[in-house]
Every structure is written in structure tokens, then in C-alpha cells.
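Right, one structure below, let's go through it.
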Amino acid sequence: MDILRERDVEFDVISYLETPLDEDGLREIANKVDVAPADLVRKDKHFKDLGLDAASYTTVDAVVKLLAEHPRLMQRPIAVRGERAIVGRPSEKIEALF
């Protein structure tokens, strides 16, 4: 967010754990990012604790269903501008939207 503030860019923050995106919203993001759908999923301890297999989450449909059920697994932050979206890790990647 610091990068956006430095550029004096107005932005909205969506607290996706408090207000999870529905499947349509997740699909929209998945279709805008320039990474594979699987890269939207955090393969962290929670992912492993759920007993999930990364090979099962490579398509947009599979990722959308997983993230709708387990929003905590979504990579973050995700910045969306128009028809493009970026997974903002590292945060400097967000500059590609400008």
C-alpha cells in the first residue's frame, strides 16, 4: 500500500477474510492475473494441514472452488487495475500496473 500512497493512487482494500469473494469475483481475478491459476494459492501450513495436493489445483475452476471454500489460502496482496491484476509479492511487482 505504501507504493500506492507514494504515487497518490486511490485504492480500495478488500478484507477478504471478513468479506470473502464469491466464485465470480475469484474467477474475474484469476482471469486477469498474469500467473498460472495455481500461483493464486498459498501452499502454506494451512494448505498442508487441510491435506490438499497442489497437483489438484492447477485450473481456474479448481482454484476458484478452493479459494471460495478456503479464502485464507489466497495469495495476497492482489492489486487490480482495469483488466489487469498482479500478485503483489514482492510489493514492487505492483508498479507493473502503472
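Identifiers in the C-alpha cells: chain A, B, ... in order shown; residue index from 1 per chain; ligand index from 1 in order shown.
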
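Those residues in chain A carrying a DSSP assignment of strand (DSSP E), computed from the backbone, are A:Ile78, A:Ala79, A:Val80, A:Arg81, A:Arg84, A:Ala85, A:Ile86, A:Val87.
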
> Can you list, as JSON, numbers by chain, every protein, DNA or RNA residue that comes within 10 Å of A:Glu92 when you count only C-alpha atoms, leaving out same-chain residues fewer than 4 positions away?
Replying inline: {"A": [3, 88, 96]}

Near-stretch 23-34 of chain A list (8 Å; only C-alpha atoms; drop same-chain fewer than 3 positions) as a PDB file with N, CA, C and O atoms, in the first residue's frame:
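Saved file out-v2.pdb follows:
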```pdb
ATOM      1  N   PRO A  37      -3.089 -20.119 -12.639  1.00  0.00           N
ATOM      2  CA  PRO A  37      -4.092 -20.152 -11.562  1.00  0.00           C
ATOM      3  C   PRO A  37      -3.533 -20.735 -10.261  1.00  0.00           C
ATOM      4  O   PRO A  37      -3.841 -20.236  -9.184  1.00  0.00           O
ATOM      5  N   LEU A  40      -2.140 -18.521  -7.459  1.00  0.00           N
ATOM      6  CA  LEU A  40      -3.024 -17.741  -6.587  1.00  0.00           C
ATOM      7  C   LEU A  40      -3.239 -18.424  -5.239  1.00  0.00           C
ATOM      8  O   LEU A  40      -3.818 -17.836  -4.333  1.00  0.00           O
ATOM      9  N   VAL A  60      -8.332 -22.908 -13.417  1.00  0.00           N
ATOM     10  CA  VAL A  60      -9.101 -21.788 -12.864  1.00  0.00           C
ATOM     11  C   VAL A  60     -10.272 -22.324 -12.048  1.00  0.00           C
ATOM     12  O   VAL A  60     -10.504 -21.872 -10.924  1.00  0.00           O
ATOM     13  N   ASP A  61     -11.005 -23.285 -12.578  1.00  0.00           N
ATOM     14  CA  ASP A  61     -12.172 -23.814 -11.870  1.00  0.00           C
ATOM     15  C   ASP A  61     -11.794 -24.410 -10.517  1.00  0.00           C
ATOM     16  O   ASP A  61     -12.455 -24.138  -9.508  1.00  0.00           O
ATOM     17  N   VAL A  64     -10.669 -21.560  -8.115  1.00  0.00           N
ATOM     18  CA  VAL A  64     -11.815 -20.745  -7.695  1.00  0.00           C
ATOM     19  C   VAL A  64     -12.613 -21.473  -6.620  1.00  0.00           C
ATOM     20  O   VAL A  64     -12.965 -20.892  -5.587  1.00  0.00           O
ATOM     21  N   LYS A  65     -12.897 -22.733  -6.827  1.00  0.00           N
ATOM     22  CA  LYS A  65     -13.657 -23.504  -5.836  1.00  0.00           C
ATOM     23  C   LYS A  65     -12.894 -23.605  -4.514  1.00  0.00           C
ATOM     24  O   LYS A  65     -13.471 -23.444  -3.440  1.00  0.00           O
ATOM     25  N   LEU A  67     -10.537 -21.522  -3.300  1.00  0.00           N
ATOM     26  CA  LEU A  67     -10.452 -20.222  -2.628  1.00  0.00           C
ATOM     27  C   LEU A  67     -11.805 -19.749  -2.117  1.00  0.00           C
ATOM     28  O   LEU A  67     -11.871 -19.028  -1.121  1.00  0.00           O
ATOM     29  N   ALA A  68     -12.883 -20.155  -2.763  1.00  0.00           N
ATOM     30  CA  ALA A  68     -14.213 -19.815  -2.260  1.00  0.00           C
ATOM     31  C   ALA A  68     -14.470 -20.541  -0.943  1.00  0.00           C
ATOM     32  O   ALA A  68     -15.074 -19.986  -0.024  1.00  0.00           O
ATOM     33  N   VAL A  80      -5.593  -4.946  -8.415  1.00  0.00           N
ATOM     34  CA  VAL A  80      -6.350  -4.993  -9.664  1.00  0.00           C
ATOM     35  C   VAL A  80      -6.490  -3.573 -10.181  1.00  0.00           C
ATOM     36  O   VAL A  80      -6.852  -2.656  -9.446  1.00  0.00           O
ATOM     37  N   GLU A  83      -8.227  -4.134 -16.481  1.00  0.00           N
ATOM     38  CA  GLU A  83      -8.278  -5.528 -16.924  1.00  0.00           C
ATOM     39  C   GLU A  83      -7.047  -6.324 -16.516  1.00  0.00           C
ATOM     40  O   GLU A  83      -6.842  -7.428 -16.996  1.00  0.00           O
ATOM     41  N   ARG A  84      -6.225  -5.769 -15.635  1.00  0.00           N
ATOM     42  CA  ARG A  84      -5.011  -6.464 -15.190  1.00  0.00           C
ATOM     43  C   ARG A  84      -5.013  -6.629 -13.686  1.00  0.00           C
ATOM     44  O   ARG A  84      -5.555  -5.813 -12.954  1.00  0.00           O
ATOM     45  N   ALA A  85      -4.371  -7.684 -13.243  1.00  0.00           N
ATOM     46  CA  ALA A  85      -4.203  -7.919 -11.811  1.00  0.00           C
ATOM     47  C   ALA A  85      -2.805  -8.485 -11.582  1.00  0.00           C
ATOM     48  O   ALA A  85      -2.252  -9.169 -12.444  1.00  0.00           O
ATOM     49  N   ILE A  86      -2.261  -8.177 -10.432  1.00  0.00           N
ATOM     50  CA  ILE A  86      -0.911  -8.602 -10.074  1.00  0.00           C
ATOM     51  C   ILE A  86      -0.939  -9.177  -8.663  1.00  0.00           C
ATOM     52  O   ILE A  86      -1.564  -8.607  -7.769  1.00  0.00           O
ATOM     53  N   VAL A  87      -0.246 -10.293  -8.476  1.00  0.00           N
ATOM     54  CA  VAL A  87       0.008 -10.778  -7.122  1.00  0.00           C
ATOM     55  C   VAL A  87       1.175  -9.934  -6.625  1.00  0.00           C
ATOM     56  O   VAL A  87       2.266  -9.974  -7.192  1.00  0.00           O
TER      57      VAL A  87
END
```

> A:Leu4: which residues within 10 Å, counting only C-alpha atoms, same-chain residues fewer than 5 positions away excluded, as a ChimeraX atom specification?
Replying inline: /A:9-11,94-95,98

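Once stretch 44-55 of chain A and its same-chain neighbours fewer than 3 positions away are set aside, Ala38, Val41, Thr58, Arg72 and Leu73 of chain A remain within 9 Å of it when counting only C-alpha atoms.
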
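Residues lying within 12 Å of A:Ser15, counting only C-alpha atoms and ignoring same-chain neighbours fewer than 2 positions away, are Asp12, Val13, Leu17, Glu18, Thr19, Pro20, Leu21, Pro71, Arg72, Met74, Arg76, Pro77 and Ile78 of chain A.
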
Written selection (all heavy atoms) as a short mmCIF file (atom, residue, chain, number, x, y, z; two decimals), in the first residue's frame:
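Listing of result_29.cif after writing:
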```cif
data_model
loop_
_atom_site.label_atom_id
_atom_site.label_comp_id
_atom_site.auth_asym_id
_atom_site.auth_seq_id
_atom_site.Cartn_x
_atom_site.Cartn_y
_atom_site.Cartn_z
N ASP A 12 -8.97 0.80 -3.01
CA ASP A 12 -9.86 0.18 -2.03
C ASP A 12 -9.17 -1.06 -1.50
O ASP A 12 -8.51 -1.77 -2.26
CB ASP A 12 -11.19 -0.24 -2.67
CG ASP A 12 -11.97 0.95 -3.20
OD1 ASP A 12 -11.99 1.99 -2.52
OD2 ASP A 12 -12.56 0.83 -4.29
N VAL A 13 -9.33 -1.31 -0.23
CA VAL A 13 -8.82 -2.52 0.39
C VAL A 13 -10.00 -3.42 0.68
O VAL A 13 -10.98 -2.99 1.28
CB VAL A 13 -8.06 -2.20 1.69
CG1 VAL A 13 -7.63 -3.49 2.39
CG2 VAL A 13 -6.85 -1.31 1.41
N LEU A 17 -10.99 -11.89 4.26
CA LEU A 17 -11.40 -12.84 5.29
C LEU A 17 -12.71 -12.41 5.94
O LEU A 17 -13.50 -13.25 6.35
CB LEU A 17 -10.30 -13.00 6.35
CG LEU A 17 -9.03 -13.69 5.86
CD1 LEU A 17 -8.00 -13.75 6.98
CD2 LEU A 17 -9.32 -15.08 5.32
N GLU A 18 -12.93 -11.11 6.02
CA GLU A 18 -14.18 -10.60 6.58
C GLU A 18 -15.30 -10.61 5.54
O GLU A 18 -16.46 -10.86 5.85
CB GLU A 18 -13.98 -9.17 7.10
CG GLU A 18 -13.03 -9.09 8.27
CD GLU A 18 -12.69 -7.65 8.63
OE1 GLU A 18 -13.41 -6.72 8.22
OE2 GLU A 18 -11.67 -7.48 9.33
N THR A 19 -14.94 -10.32 4.31
CA THR A 19 -15.88 -10.29 3.20
C THR A 19 -15.29 -11.11 2.05
O THR A 19 -14.72 -10.56 1.12
CB THR A 19 -16.13 -8.84 2.73
OG1 THR A 19 -16.42 -8.02 3.85
CG2 THR A 19 -17.26 -8.76 1.73
N PRO A 20 -15.40 -12.42 2.13
CA PRO A 20 -14.79 -13.27 1.09
C PRO A 20 -15.39 -13.01 -0.29
O PRO A 20 -16.57 -12.69 -0.41
CB PRO A 20 -15.10 -14.70 1.55
CG PRO A 20 -15.48 -14.59 2.99
CD PRO A 20 -16.05 -13.21 3.18
N LEU A 21 -14.55 -13.13 -1.29
CA LEU A 21 -15.03 -13.00 -2.66
C LEU A 21 -15.84 -14.24 -3.02
O LEU A 21 -15.54 -15.34 -2.57
CB LEU A 21 -13.84 -12.89 -3.61
CG LEU A 21 -12.99 -11.63 -3.46
CD1 LEU A 21 -11.72 -11.76 -4.28
CD2 LEU A 21 -13.77 -10.42 -3.90
N PRO A 71 -10.81 -19.08 1.81
CA PRO A 71 -10.24 -17.80 1.36
C PRO A 71 -8.87 -17.51 1.95
O PRO A 71 -8.07 -16.78 1.34
CB PRO A 71 -11.28 -16.77 1.78
CG PRO A 71 -12.19 -17.45 2.72
CD PRO A 71 -12.09 -18.91 2.47
N ARG A 72 -8.58 -18.08 3.08
CA ARG A 72 -7.28 -17.85 3.73
C ARG A 72 -6.11 -18.33 2.85
O ARG A 72 -4.98 -17.88 3.02
CB ARG A 72 -7.29 -18.60 5.06
CG ARG A 72 -6.06 -18.50 5.87
CD ARG A 72 -6.29 -19.15 7.21
NE ARG A 72 -5.03 -19.51 7.82
CZ ARG A 72 -4.91 -20.26 8.87
NH1 ARG A 72 -6.00 -20.75 9.44
NH2 ARG A 72 -3.74 -20.53 9.37
N MET A 74 -5.70 -17.72 -0.30
CA MET A 74 -5.42 -16.84 -1.44
C MET A 74 -4.13 -16.07 -1.23
O MET A 74 -3.89 -15.52 -0.15
CB MET A 74 -6.57 -15.86 -1.66
CG MET A 74 -6.37 -15.03 -2.91
SD MET A 74 -7.84 -14.13 -3.45
CE MET A 74 -8.21 -13.13 -2.03
N ARG A 76 -1.71 -13.04 -1.34
CA ARG A 76 -2.03 -11.64 -1.12
C ARG A 76 -0.76 -10.84 -0.94
O ARG A 76 0.25 -11.43 -0.57
CB ARG A 76 -2.95 -11.49 0.08
CG ARG A 76 -2.38 -12.14 1.35
CD ARG A 76 -3.52 -12.45 2.31
NE ARG A 76 -3.06 -13.05 3.53
CZ ARG A 76 -2.90 -14.34 3.72
NH1 ARG A 76 -3.12 -15.18 2.76
NH2 ARG A 76 -2.48 -14.80 4.88
N PRO A 77 -0.82 -9.59 -1.23
CA PRO A 77 -1.98 -8.86 -1.75
C PRO A 77 -2.13 -9.08 -3.25
O PRO A 77 -1.18 -9.46 -3.93
CB PRO A 77 -1.62 -7.41 -1.46
CG PRO A 77 -0.12 -7.38 -1.58
CD PRO A 77 0.33 -8.72 -1.04
N ILE A 78 -3.32 -8.82 -3.72
CA ILE A 78 -3.58 -8.81 -5.15
C ILE A 78 -4.06 -7.41 -5.49
O ILE A 78 -4.99 -6.89 -4.87
CB ILE A 78 -4.63 -9.86 -5.56
CG1 ILE A 78 -4.08 -11.26 -5.29
CG2 ILE A 78 -5.02 -9.69 -7.02
CD1 ILE A 78 -5.04 -12.37 -5.58
#
```

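Minimum atom-to-atom distance to A:Arg42, evaluated using only C-alpha atoms, belongs to A:Gln75 out of A:Lys93, A:Gln75, A:Thr59, A:Gly82.
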
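Atom CA of A:Asp8 sits 26.7 Å away from atom CA of A:Val35.
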
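Using only C-alpha atoms for every distance, the candidate list A:Asp22, A:Tyr16, A:Arg7, A:Tyr57 yields A:Tyr57 as the residue closest to A:Ala36.
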